[in-house]
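Working notes, beginning with the structure itself.
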Amino acid sequence: MSEMLLIKYSEIGVKGKNRYVFEDMLVKNIKSALRVLDNPFSVRKTQGRIYVTYEEPDFDDAVAALTKVFGIAWICPVTQMDPVTFEELKKRVLAYMEKTYFAGGTDKKYTFKVNCRRIDKSYPMESMNMNMLLGELLLNEYPESLSVDVHDPDIMLSIEIRHHDINIYSVEIEGLNGMPVGTAGKAMLLLSGGIDSPVAGYLVSKRGVNLDAVYFHAPPYTSERAKQKVVDLAKIIARYSGPIRLHVVNFTDIQMKIYETCPHEELTIIMRRYMMKIAEELALKNNCLGLVTGESIGQVASQTMYSMLVTNEVCTLPVYRPLCAFDKMDIVAISEKIDAYETSILPYEDCCTIFVAKHPATKPKLEKIQKSEKLLEGTIEELYRQAVDTVEIIEI
């Protein structure tokens, strides 16, 4: 018998003939997540299952790493053995229960259910019979400690009879689900220092998307602490998404030109349009298939449907807004879940909040915005090119 971690997936299982592509990427991401640990793990894939083994069966660090890998539905510490007769299996089940729940004696009481799955149909006993006989065995062995509850048991004792081995386990640690990062292309995340954009990056990565990111910095109006805050947020996202190339754009001169030239109620929209233009150019240079923003419909003036329509007009790439139908409490809950919230609320202003108008337009008209942008012609082009050509890249 040996101890290991059984990795279960869910959505990958319905992928049909190309399922192996998703399985192989998940294995690759699992190996990458475990590589930073002190002691080496080995990862192997069999039909419908992935196993992680370790020289010493202490899996706490491994479980902590694996709970940040998209594509994993459940992580199960299992006892695995070669195929055995049912009489021998009964002994192994008793040994498992003794070691897992009753070692050293205990007066704790549990409800339980036995769930046998006979993947190997040549095994000479049917699943239902094994359930009844093993349940009876455990009730006789622990009459004071165990009782049956088939609906909501404390212990779900799972036994998988496979072609080349048998698994026994009773603990399932929930994973992140989603799709393995690297199976859906790459996108450019517009990353600010707020709550929303890190959550948007997390959610898009959950669908298998690799991320690059762009941050618009406006010194001296935004400080180096504001920039470091964004770097720290990128590091948090990278725990889930894998490596990120963060593009830091000096946006000060463009913002000042817009501020000095354009109607103040249109400042946010026009600045946003130039951010999208720059983000798209960087995205195309880095083989990204779209842009990702943290916008939520109606949350602020620049995030009304009218505003987003005008903003989108400058882009040829698709713009993905995974938070568009979320309310703020939904977003905060995910931010807290991924440990980004405390960093996001640090009081360092980003370039958008510094230059916000007192009464921004909530229903901008494209023709009017384009007319205002014509006032920038002759100078904005050079400032735009300088901003793109002087981008700082930080490898996260």
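Residues are named by chain letter and number: chains run A, B, ... in the order of the structure tokens, numbers start at 1 in each chain, and ligands are numbered from 1 in the order shown.
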
If you run DSSP on the backbone, which residues of segment 112-245 of chain A are strand (DSSP E), as a PyMOL selection string? chain A and resi 112-118+146-148+155-161+166-169+173-174+186-190+210-217+245

Store the residues of this selection in a file with N, CA and C atoms, as an mmCIF file, in the first residue's frame.
data_model
loop_
_atom_site.group_PDB
_atom_site.id
_atom_site.type_symbol
_atom_site.label_atom_id
_atom_site.label_comp_id
_atom_site.auth_asym_id
_atom_site.auth_seq_id
_atom_site.Cartn_x
_atom_site.Cartn_y
_atom_site.Cartn_z
ATOM 1 N N PHE A 112 -21.506 7.506 8.543
ATOM 2 C CA PHE A 112 -20.686 7.148 7.381
ATOM 3 C C PHE A 112 -21.548 6.542 6.284
ATOM 4 N N LYS A 113 -20.941 6.491 5.110
ATOM 5 C CA LYS A 113 -21.520 5.815 3.958
ATOM 6 C C LYS A 113 -20.383 5.210 3.159
ATOM 7 N N VAL A 114 -20.564 4.027 2.626
ATOM 8 C CA VAL A 114 -19.570 3.390 1.761
ATOM 9 C C VAL A 114 -20.001 3.590 0.309
ATOM 10 N N ASN A 115 -19.066 4.046 -0.511
ATOM 11 C CA ASN A 115 -19.349 4.293 -1.926
ATOM 12 C C ASN A 115 -18.299 3.580 -2.771
ATOM 13 N N CYS A 116 -18.626 2.385 -3.238
ATOM 14 C CA CYS A 116 -17.713 1.607 -4.088
ATOM 15 C C CYS A 116 -18.026 1.877 -5.555
ATOM 16 N N ARG A 117 -16.967 2.035 -6.349
ATOM 17 C CA ARG A 117 -17.107 2.182 -7.809
ATOM 18 C C ARG A 117 -16.236 1.126 -8.474
ATOM 19 N N ARG A 118 -16.861 0.308 -9.284
ATOM 20 C CA ARG A 118 -16.159 -0.799 -9.925
ATOM 21 C C ARG A 118 -15.878 -0.418 -11.375
ATOM 22 N N LEU A 146 -19.705 4.270 14.960
ATOM 23 C CA LEU A 146 -20.198 4.504 13.613
ATOM 24 C C LEU A 146 -21.689 4.207 13.499
ATOM 25 N N SER A 147 -22.359 5.036 12.700
ATOM 26 C CA SER A 147 -23.744 4.776 12.309
ATOM 27 C C SER A 147 -23.915 5.225 10.864
ATOM 28 N N VAL A 148 -24.871 4.649 10.180
ATOM 29 C CA VAL A 148 -25.044 4.901 8.747
ATOM 30 C C VAL A 148 -25.889 6.143 8.510
ATOM 31 N N ILE A 155 -18.420 10.773 7.162
ATOM 32 C CA ILE A 155 -17.367 10.075 6.422
ATOM 33 C C ILE A 155 -17.973 9.439 5.175
ATOM 34 N N MET A 156 -17.500 9.889 4.017
ATOM 35 C CA MET A 156 -17.862 9.218 2.759
ATOM 36 C C MET A 156 -16.672 8.344 2.375
ATOM 37 N N LEU A 157 -16.759 7.075 2.662
ATOM 38 C CA LEU A 157 -15.660 6.153 2.387
ATOM 39 C C LEU A 157 -15.750 5.698 0.932
ATOM 40 N N SER A 158 -14.828 6.170 0.111
ATOM 41 C CA SER A 158 -14.839 5.869 -1.322
ATOM 42 C C SER A 158 -13.811 4.797 -1.639
ATOM 43 N N ILE A 159 -14.235 3.826 -2.421
ATOM 44 C CA ILE A 159 -13.350 2.734 -2.832
ATOM 45 C C ILE A 159 -13.495 2.578 -4.341
ATOM 46 N N GLU A 160 -12.409 2.775 -5.060
ATOM 47 C CA GLU A 160 -12.404 2.665 -6.515
ATOM 48 C C GLU A 160 -11.670 1.394 -6.922
ATOM 49 N N ILE A 161 -12.373 0.511 -7.599
ATOM 50 C CA ILE A 161 -11.771 -0.710 -8.115
ATOM 51 C C ILE A 161 -11.386 -0.442 -9.561
ATOM 52 N N ILE A 166 -6.352 -0.264 -6.673
ATOM 53 C CA ILE A 166 -7.546 0.053 -5.883
ATOM 54 C C ILE A 166 -7.227 1.277 -5.032
ATOM 55 N N ASN A 167 -8.125 2.239 -5.028
ATOM 56 C CA ASN A 167 -7.968 3.450 -4.219
ATOM 57 C C ASN A 167 -8.968 3.447 -3.067
ATOM 58 N N ILE A 168 -8.484 3.831 -1.901
ATOM 59 C CA ILE A 168 -9.358 4.033 -0.747
ATOM 60 C C ILE A 168 -9.132 5.456 -0.244
ATOM 61 N N TYR A 169 -10.218 6.211 -0.093
ATOM 62 C CA TYR A 169 -10.085 7.575 0.427
ATOM 63 C C TYR A 169 -11.413 8.040 1.019
ATOM 64 N N ILE A 173 -10.653 17.494 -0.804
ATOM 65 C CA ILE A 173 -10.351 18.914 -0.594
ATOM 66 C C ILE A 173 -10.706 19.655 -1.879
ATOM 67 N N GLU A 174 -11.566 20.641 -1.780
ATOM 68 C CA GLU A 174 -12.076 21.307 -2.979
ATOM 69 C C GLU A 174 -10.993 22.129 -3.661
ATOM 70 N N LYS A 186 -3.874 33.864 -24.850
ATOM 71 C CA LYS A 186 -3.353 34.882 -23.933
ATOM 72 C C LYS A 186 -4.116 36.184 -24.111
ATOM 73 N N ALA A 187 -4.268 36.937 -23.021
ATOM 74 C CA ALA A 187 -4.953 38.227 -23.075
ATOM 75 C C ALA A 187 -4.154 39.258 -22.286
ATOM 76 N N MET A 188 -4.419 40.536 -22.580
ATOM 77 C CA MET A 188 -3.766 41.647 -21.897
ATOM 78 C C MET A 188 -4.734 42.243 -20.884
ATOM 79 N N LEU A 189 -4.365 42.174 -19.624
ATOM 80 C CA LEU A 189 -5.182 42.702 -18.530
ATOM 81 C C LEU A 189 -4.805 44.144 -18.247
ATOM 82 N N LEU A 190 -5.799 45.049 -18.259
ATOM 83 C CA LEU A 190 -5.573 46.416 -17.808
ATOM 84 C C LEU A 190 -5.660 46.412 -16.293
ATOM 85 N N ASN A 210 -3.811 32.593 -20.398
ATOM 86 C CA ASN A 210 -2.569 33.205 -19.913
ATOM 87 C C ASN A 210 -2.727 34.719 -19.905
ATOM 88 N N LEU A 211 -2.016 35.386 -18.985
ATOM 89 C CA LEU A 211 -2.148 36.833 -18.863
ATOM 90 C C LEU A 211 -0.820 37.551 -19.024
ATOM 91 N N ASP A 212 -0.863 38.672 -19.763
ATOM 92 C CA ASP A 212 0.065 39.773 -19.594
ATOM 93 C C ASP A 212 -0.743 40.907 -18.978
ATOM 94 N N ALA A 213 -0.082 41.954 -18.516
ATOM 95 C CA ALA A 213 -0.807 43.056 -17.884
ATOM 96 C C ALA A 213 -0.168 44.382 -18.255
ATOM 97 N N VAL A 214 -0.986 45.441 -18.220
ATOM 98 C CA VAL A 214 -0.488 46.793 -18.465
ATOM 99 C C VAL A 214 -1.015 47.699 -17.360
ATOM 100 N N TYR A 215 -0.130 48.532 -16.855
ATOM 101 C CA TYR A 215 -0.468 49.478 -15.801
ATOM 102 C C TYR A 215 -0.086 50.875 -16.272
ATOM 103 N N PHE A 216 -0.986 51.830 -16.094
ATOM 104 C CA PHE A 216 -0.755 53.206 -16.517
ATOM 105 C C PHE A 216 -0.351 54.038 -15.305
ATOM 106 N N HIS A 217 0.914 54.461 -15.332
ATOM 107 C CA HIS A 217 1.530 55.169 -14.217
ATOM 108 C C HIS A 217 1.603 56.653 -14.570
ATOM 109 N N ARG A 245 3.904 39.207 -17.573
ATOM 110 C CA ARG A 245 4.753 40.333 -17.973
ATOM 111 C C ARG A 245 3.948 41.611 -17.772
#

Please identify all polymer residues within 9 Å of Leu26 of chain A, counting only C-alpha atoms, omitting same-chain residues fewer than 6 positions from it, and present them as number ranges by chain. A: 69-72, 179-182

Extract, using only C-alpha atoms, all DNA, RNA and protein residues at most 9 Å from Ala361 of chain A, discarding same-chain residues fewer than 6 positions from it, and format them as a list in words. His264, Glu265, Glu266, Leu267, Thr268, Ile269, Ala301, Ser302 and Ser307 of chain A

How close does each residue of segment 99-205 of chain A get to segment 277-295 of chain A, giving the shortest atom pair and distance in Å to one decimal for every residue with an atom at most 10 Å away, counting only C-alpha atoms, sorted by chain and residue number, as a tab-separated table?
residue	atom	partner	partner_atom	distance
A:Ala184	CA	A:Leu289	CA	9.5
A:Gly185	CA	A:Leu289	CA	6.8
A:Lys186	CA	A:Cys288	CA	4.8
A:Ala187	CA	A:Cys288	CA	4.7
A:Met188	CA	A:Leu291	CA	4.8
A:Leu189	CA	A:Val292	CA	4.6
A:Leu190	CA	A:Thr293	CA	5.4
A:Leu191	CA	A:Thr293	CA	7.5
A:Ser192	CA	A:Gly294	CA	8.8
A:Gly194	CA	A:Gly294	CA	9.1
A:Ile195	CA	A:Gly294	CA	8.5
A:Asp196	CA	A:Gly294	CA	4.8
A:Ser197	CA	A:Gly294	CA	4.0
A:Pro198	CA	A:Gly294	CA	7.5
A:Val199	CA	A:Gly294	CA	7.3
A:Ala200	CA	A:Gly294	CA	5.2
A:Gly201	CA	A:Val292	CA	7.1
A:Val204	CA	A:Val292	CA	7.9

Name the residues in contact with Gln299 of chain A at a cut-off of 10 Å, using only C-alpha atoms, excluding same-chain residues fewer than 3 positions from it; report them as a PyMOL selection string. chain A and resi 295-296+302-304+324+326-328

Here atom CA of Ser335 of chain A and atom CA of Tyr202 of chain A stand apart by 9.2 Å

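Here atom CA of Arg225 of chain A stands at a distance of 20.5 Å from atom CA of Ala387 of chain A.
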
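Distance check against Asp389 of chain A using only C-alpha atoms: of A:Val248, A:Met271, A:Leu309, A:His151, the minimum falls on A:Val248.
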
Please, which residues of segment 83-130 of chain A, numbered as in this document, come out alpha helix (DSSP H) from DSSP, as a ChimeraX atom specification? /A:86-101,127-130

Give me the residues within 12 Å of Ile396 of chain A as a PDB file with N, CA, C and O atoms, in the first residue's frame, counting only C-alpha atoms and dropping any in the same chain fewer than 4 places off.
ATOM      1  N   LEU A 211      -2.016  35.386 -18.985  1.00  0.00           N
ATOM      2  CA  LEU A 211      -2.148  36.833 -18.863  1.00  0.00           C
ATOM      3  C   LEU A 211      -0.820  37.551 -19.024  1.00  0.00           C
ATOM      4  O   LEU A 211       0.211  37.103 -18.513  1.00  0.00           O
ATOM      5  N   ASP A 212      -0.863  38.672 -19.763  1.00  0.00           N
ATOM      6  CA  ASP A 212       0.065  39.773 -19.594  1.00  0.00           C
ATOM      7  C   ASP A 212      -0.743  40.907 -18.978  1.00  0.00           C
ATOM      8  O   ASP A 212      -1.977  40.837 -18.908  1.00  0.00           O
ATOM      9  N   ALA A 213      -0.082  41.954 -18.516  1.00  0.00           N
ATOM     10  CA  ALA A 213      -0.807  43.056 -17.884  1.00  0.00           C
ATOM     11  C   ALA A 213      -0.168  44.382 -18.255  1.00  0.00           C
ATOM     12  O   ALA A 213       1.027  44.449 -18.564  1.00  0.00           O
ATOM     13  N   VAL A 230       0.621  47.886  -7.501  1.00  0.00           N
ATOM     14  CA  VAL A 230       0.200  47.152  -8.691  1.00  0.00           C
ATOM     15  C   VAL A 230       1.106  45.950  -8.927  1.00  0.00           C
ATOM     16  O   VAL A 230       0.639  44.864  -9.297  1.00  0.00           O
ATOM     17  N   VAL A 231       2.401  46.104  -8.724  1.00  0.00           N
ATOM     18  CA  VAL A 231       3.323  44.971  -8.836  1.00  0.00           C
ATOM     19  C   VAL A 231       2.919  43.876  -7.851  1.00  0.00           C
ATOM     20  O   VAL A 231       2.897  42.678  -8.193  1.00  0.00           O
ATOM     21  N   ASP A 232       2.585  44.273  -6.625  1.00  0.00           N
ATOM     22  CA  ASP A 232       2.171  43.295  -5.614  1.00  0.00           C
ATOM     23  C   ASP A 232       0.876  42.592  -6.020  1.00  0.00           C
ATOM     24  O   ASP A 232       0.720  41.380  -5.798  1.00  0.00           O
ATOM     25  N   LEU A 233      -0.052  43.339  -6.615  1.00  0.00           N
ATOM     26  CA  LEU A 233      -1.290  42.715  -7.088  1.00  0.00           C
ATOM     27  C   LEU A 233      -1.012  41.741  -8.235  1.00  0.00           C
ATOM     28  O   LEU A 233      -1.621  40.669  -8.313  1.00  0.00           O
ATOM     29  N   ALA A 234      -0.087  42.104  -9.112  1.00  0.00           N
ATOM     30  CA  ALA A 234       0.283  41.190 -10.198  1.00  0.00           C
ATOM     31  C   ALA A 234       0.875  39.900  -9.637  1.00  0.00           C
ATOM     32  O   ALA A 234       0.625  38.806 -10.161  1.00  0.00           O
ATOM     33  N   LYS A 235       1.645  40.013  -8.573  1.00  0.00           N
ATOM     34  CA  LYS A 235       2.222  38.821  -7.942  1.00  0.00           C
ATOM     35  C   LYS A 235       1.124  37.929  -7.364  1.00  0.00           C
ATOM     36  O   LYS A 235       1.214  36.691  -7.421  1.00  0.00           O
ATOM     37  N   ILE A 236       0.085  38.549  -6.806  1.00  0.00           N
ATOM     38  CA  ILE A 236      -1.029  37.771  -6.258  1.00  0.00           C
ATOM     39  C   ILE A 236      -1.750  37.033  -7.375  1.00  0.00           C
ATOM     40  O   ILE A 236      -2.062  35.842  -7.257  1.00  0.00           O
ATOM     41  N   ILE A 237      -2.029  37.719  -8.474  1.00  0.00           N
ATOM     42  CA  ILE A 237      -2.699  37.065  -9.607  1.00  0.00           C
ATOM     43  C   ILE A 237      -1.838  35.932 -10.145  1.00  0.00           C
ATOM     44  O   ILE A 237      -2.337  34.858 -10.509  1.00  0.00           O
ATOM     45  N   ALA A 238      -0.517  36.150 -10.192  1.00  0.00           N
ATOM     46  CA  ALA A 238       0.399  35.163 -10.762  1.00  0.00           C
ATOM     47  C   ALA A 238       0.432  33.867  -9.962  1.00  0.00           C
ATOM     48  O   ALA A 238       0.832  32.824 -10.498  1.00  0.00           O
ATOM     49  N   ARG A 239       0.017  33.902  -8.703  1.00  0.00           N
ATOM     50  CA  ARG A 239      -0.077  32.655  -7.936  1.00  0.00           C
ATOM     51  C   ARG A 239      -1.050  31.687  -8.599  1.00  0.00           C
ATOM     52  O   ARG A 239      -0.924  30.470  -8.468  1.00  0.00           O
ATOM     53  N   SER A 241      -2.382  32.407 -12.070  1.00  0.00           N
ATOM     54  CA  SER A 241      -2.299  32.468 -13.533  1.00  0.00           C
ATOM     55  C   SER A 241      -0.967  32.007 -14.086  1.00  0.00           C
ATOM     56  O   SER A 241      -0.845  31.756 -15.287  1.00  0.00           O
ATOM     57  N   GLY A 242       0.051  31.922 -13.221  1.00  0.00           N
ATOM     58  CA  GLY A 242       1.394  31.697 -13.714  1.00  0.00           C
ATOM     59  C   GLY A 242       2.077  33.011 -14.053  1.00  0.00           C
ATOM     60  O   GLY A 242       1.539  34.094 -13.780  1.00  0.00           O
ATOM     61  N   PRO A 243       3.273  32.993 -14.647  1.00  0.00           N
ATOM     62  CA  PRO A 243       4.065  34.208 -14.887  1.00  0.00           C
ATOM     63  C   PRO A 243       3.303  35.260 -15.695  1.00  0.00           C
ATOM     64  O   PRO A 243       2.550  34.941 -16.610  1.00  0.00           O
ATOM     65  N   ILE A 244       3.527  36.530 -15.314  1.00  0.00           N
ATOM     66  CA  ILE A 244       2.906  37.678 -15.976  1.00  0.00           C
ATOM     67  C   ILE A 244       3.998  38.674 -16.356  1.00  0.00           C
ATOM     68  O   ILE A 244       4.887  38.963 -15.555  1.00  0.00           O
ATOM     69  N   ARG A 245       3.904  39.207 -17.573  1.00  0.00           N
ATOM     70  CA  ARG A 245       4.753  40.333 -17.973  1.00  0.00           C
ATOM     71  C   ARG A 245       3.948  41.611 -17.772  1.00  0.00           C
ATOM     72  O   ARG A 245       2.961  41.856 -18.459  1.00  0.00           O
ATOM     73  N   LEU A 246       4.371  42.395 -16.795  1.00  0.00           N
ATOM     74  CA  LEU A 246       3.672  43.637 -16.464  1.00  0.00           C
ATOM     75  C   LEU A 246       4.306  44.788 -17.225  1.00  0.00           C
ATOM     76  O   LEU A 246       5.493  45.083 -17.058  1.00  0.00           O
ATOM     77  N   HIS A 247       3.509  45.462 -18.068  1.00  0.00           N
ATOM     78  CA  HIS A 247       3.964  46.604 -18.857  1.00  0.00           C
ATOM     79  C   HIS A 247       3.557  47.883 -18.136  1.00  0.00           C
ATOM     80  O   HIS A 247       2.360  48.145 -17.968  1.00  0.00           O
TER      81      HIS A 247
END

Quick one: residues within 7 Å of segment 8-19 of chain A, only C-alpha atoms counted, chain neighbours fewer than 4 positions away excluded, as a PyMOL selection string? chain A and resi 23+49-50+71-75

Write the residues you've just listed into a file as a JSON list (two decimals), in the first residue's frame, and include all heavy atoms for each of them.
[["chain", "number", "residue", "atom", "x", "y", "z"],
["A", 23, "GLU", "N", -5.71, 17.55, -20.20],
["A", 23, "GLU", "CA", -5.07, 16.75, -19.14],
["A", 23, "GLU", "C", -3.57, 17.02, -19.10],
["A", 23, "GLU", "O", -3.00, 17.20, -18.01],
["A", 23, "GLU", "CB", -5.33, 15.27, -19.38],
["A", 23, "GLU", "CG", -6.76, 14.84, -19.18],
["A", 23, "GLU", "CD", -6.97, 13.38, -19.54],
["A", 23, "GLU", "OE1", -6.22, 12.85, -20.40],
["A", 23, "GLU", "OE2", -7.87, 12.76, -18.96],
["A", 49, "ARG", "N", -7.54, 9.91, -14.34],
["A", 49, "ARG", "CA", -7.01, 10.21, -13.01],
["A", 49, "ARG", "C", -5.59, 10.76, -13.11],
["A", 49, "ARG", "O", -4.82, 10.39, -14.01],
["A", 49, "ARG", "CB", -7.00, 8.97, -12.12],
["A", 49, "ARG", "CG", -8.39, 8.51, -11.65],
["A", 49, "ARG", "CD", -8.95, 9.48, -10.63],
["A", 49, "ARG", "NE", -10.22, 9.04, -10.09],
["A", 49, "ARG", "CZ", -11.40, 9.41, -10.54],
["A", 49, "ARG", "NH1", -11.47, 10.21, -11.61],
["A", 49, "ARG", "NH2", -12.52, 9.00, -9.96],
["A", 50, "ILE", "N", -5.23, 11.63, -12.17],
["A", 50, "ILE", "CA", -3.87, 12.13, -12.04],
["A", 50, "ILE", "C", -3.45, 11.89, -10.60],
["A", 50, "ILE", "O", -4.22, 12.14, -9.66],
["A", 50, "ILE", "CB", -3.80, 13.64, -12.38],
["A", 50, "ILE", "CG1", -4.18, 13.88, -13.84],
["A", 50, "ILE", "CG2", -2.40, 14.20, -12.09],
["A", 50, "ILE", "CD1", -4.37, 15.34, -14.20],
["A", 71, "GLY", "N", -8.36, 24.01, -12.89],
["A", 71, "GLY", "CA", -8.60, 22.73, -13.55],
["A", 71, "GLY", "C", -8.79, 21.59, -12.57],
["A", 71, "GLY", "O", -9.31, 20.54, -12.94],
["A", 72, "ILE", "N", -8.36, 21.78, -11.33],
["A", 72, "ILE", "CA", -8.50, 20.74, -10.31],
["A", 72, "ILE", "C", -9.84, 20.91, -9.60],
["A", 72, "ILE", "O", -10.14, 21.99, -9.07],
["A", 72, "ILE", "CB", -7.35, 20.80, -9.29],
["A", 72, "ILE", "CG1", -6.03, 20.47, -9.97],
["A", 72, "ILE", "CG2", -7.61, 19.84, -8.13],
["A", 72, "ILE", "CD1", -4.82, 20.59, -9.06],
["A", 73, "ALA", "N", -10.64, 19.85, -9.58],
["A", 73, "ALA", "CA", -11.92, 19.89, -8.87],
["A", 73, "ALA", "C", -11.76, 19.46, -7.41],
["A", 73, "ALA", "O", -12.28, 20.10, -6.50],
["A", 73, "ALA", "CB", -12.95, 19.01, -9.57],
["A", 74, "TRP", "N", -11.03, 18.35, -7.20],
["A", 74, "TRP", "CA", -10.86, 17.81, -5.85],
["A", 74, "TRP", "C", -9.45, 17.24, -5.70],
["A", 74, "TRP", "O", -8.87, 16.72, -6.65],
["A", 74, "TRP", "CB", -11.87, 16.69, -5.58],
["A", 74, "TRP", "CG", -13.29, 17.14, -5.68],
["A", 74, "TRP", "CD1", -14.12, 16.98, -6.76],
["A", 74, "TRP", "CD2", -14.05, 17.83, -4.69],
["A", 74, "TRP", "NE1", -15.35, 17.53, -6.50],
["A", 74, "TRP", "CE2", -15.34, 18.06, -5.24],
["A", 74, "TRP", "CE3", -13.78, 18.28, -3.40],
["A", 74, "TRP", "CZ2", -16.35, 18.72, -4.54],
["A", 74, "TRP", "CZ3", -14.78, 18.92, -2.69],
["A", 74, "TRP", "CH2", -16.04, 19.15, -3.26],
["A", 75, "ILE", "N", -8.92, 17.36, -4.49],
["A", 75, "ILE", "CA", -7.64, 16.78, -4.11],
["A", 75, "ILE", "C", -7.92, 15.77, -3.00],
["A", 75, "ILE", "O", -8.44, 16.14, -1.94],
["A", 75, "ILE", "CB", -6.66, 17.85, -3.62],
["A", 75, "ILE", "CG1", -6.53, 18.96, -4.67],
["A", 75, "ILE", "CG2", -5.31, 17.25, -3.27],
["A", 75, "ILE", "CD1", -5.97, 20.26, -4.10]]

Quote the spacing between atom CA of Lys99 of chain A and atom CA of Thr46 of chain A in Å to one decimal place. 27.1 Å

The residue from A:Ile393, A:Ser122, A:Val310, A:Leu376 with the smallest atom-to-atom distance to Lys363 of chain A, counting only C-alpha atoms, is A:Val310

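Between Met81 of chain A and the residues A:Asn39, A:Met4, A:Asn140, A:Lys121, the shortest atom-to-atom distance, using only C-alpha atoms, involves A:Met4.
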
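Near Thr85 of chain A, within a cut-off of 9 Å and counting only C-alpha atoms, sit the residues Glu88, Leu89, Lys90, Tyr123 and Pro124 of chain A, with same-chain residues fewer than 3 positions away left out.
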
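The smallest atom-to-atom distance between Thr53 of chain A and any of A:Tyr306, A:Tyr348, A:Tyr96, A:Phe41, using only C-alpha atoms, is found for A:Phe41.
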
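Nearest residue to Gly135 of chain A, choosing from A:Met25, A:Met97, A:Leu383, A:Val300 and counting only C-alpha atoms: A:Met97.
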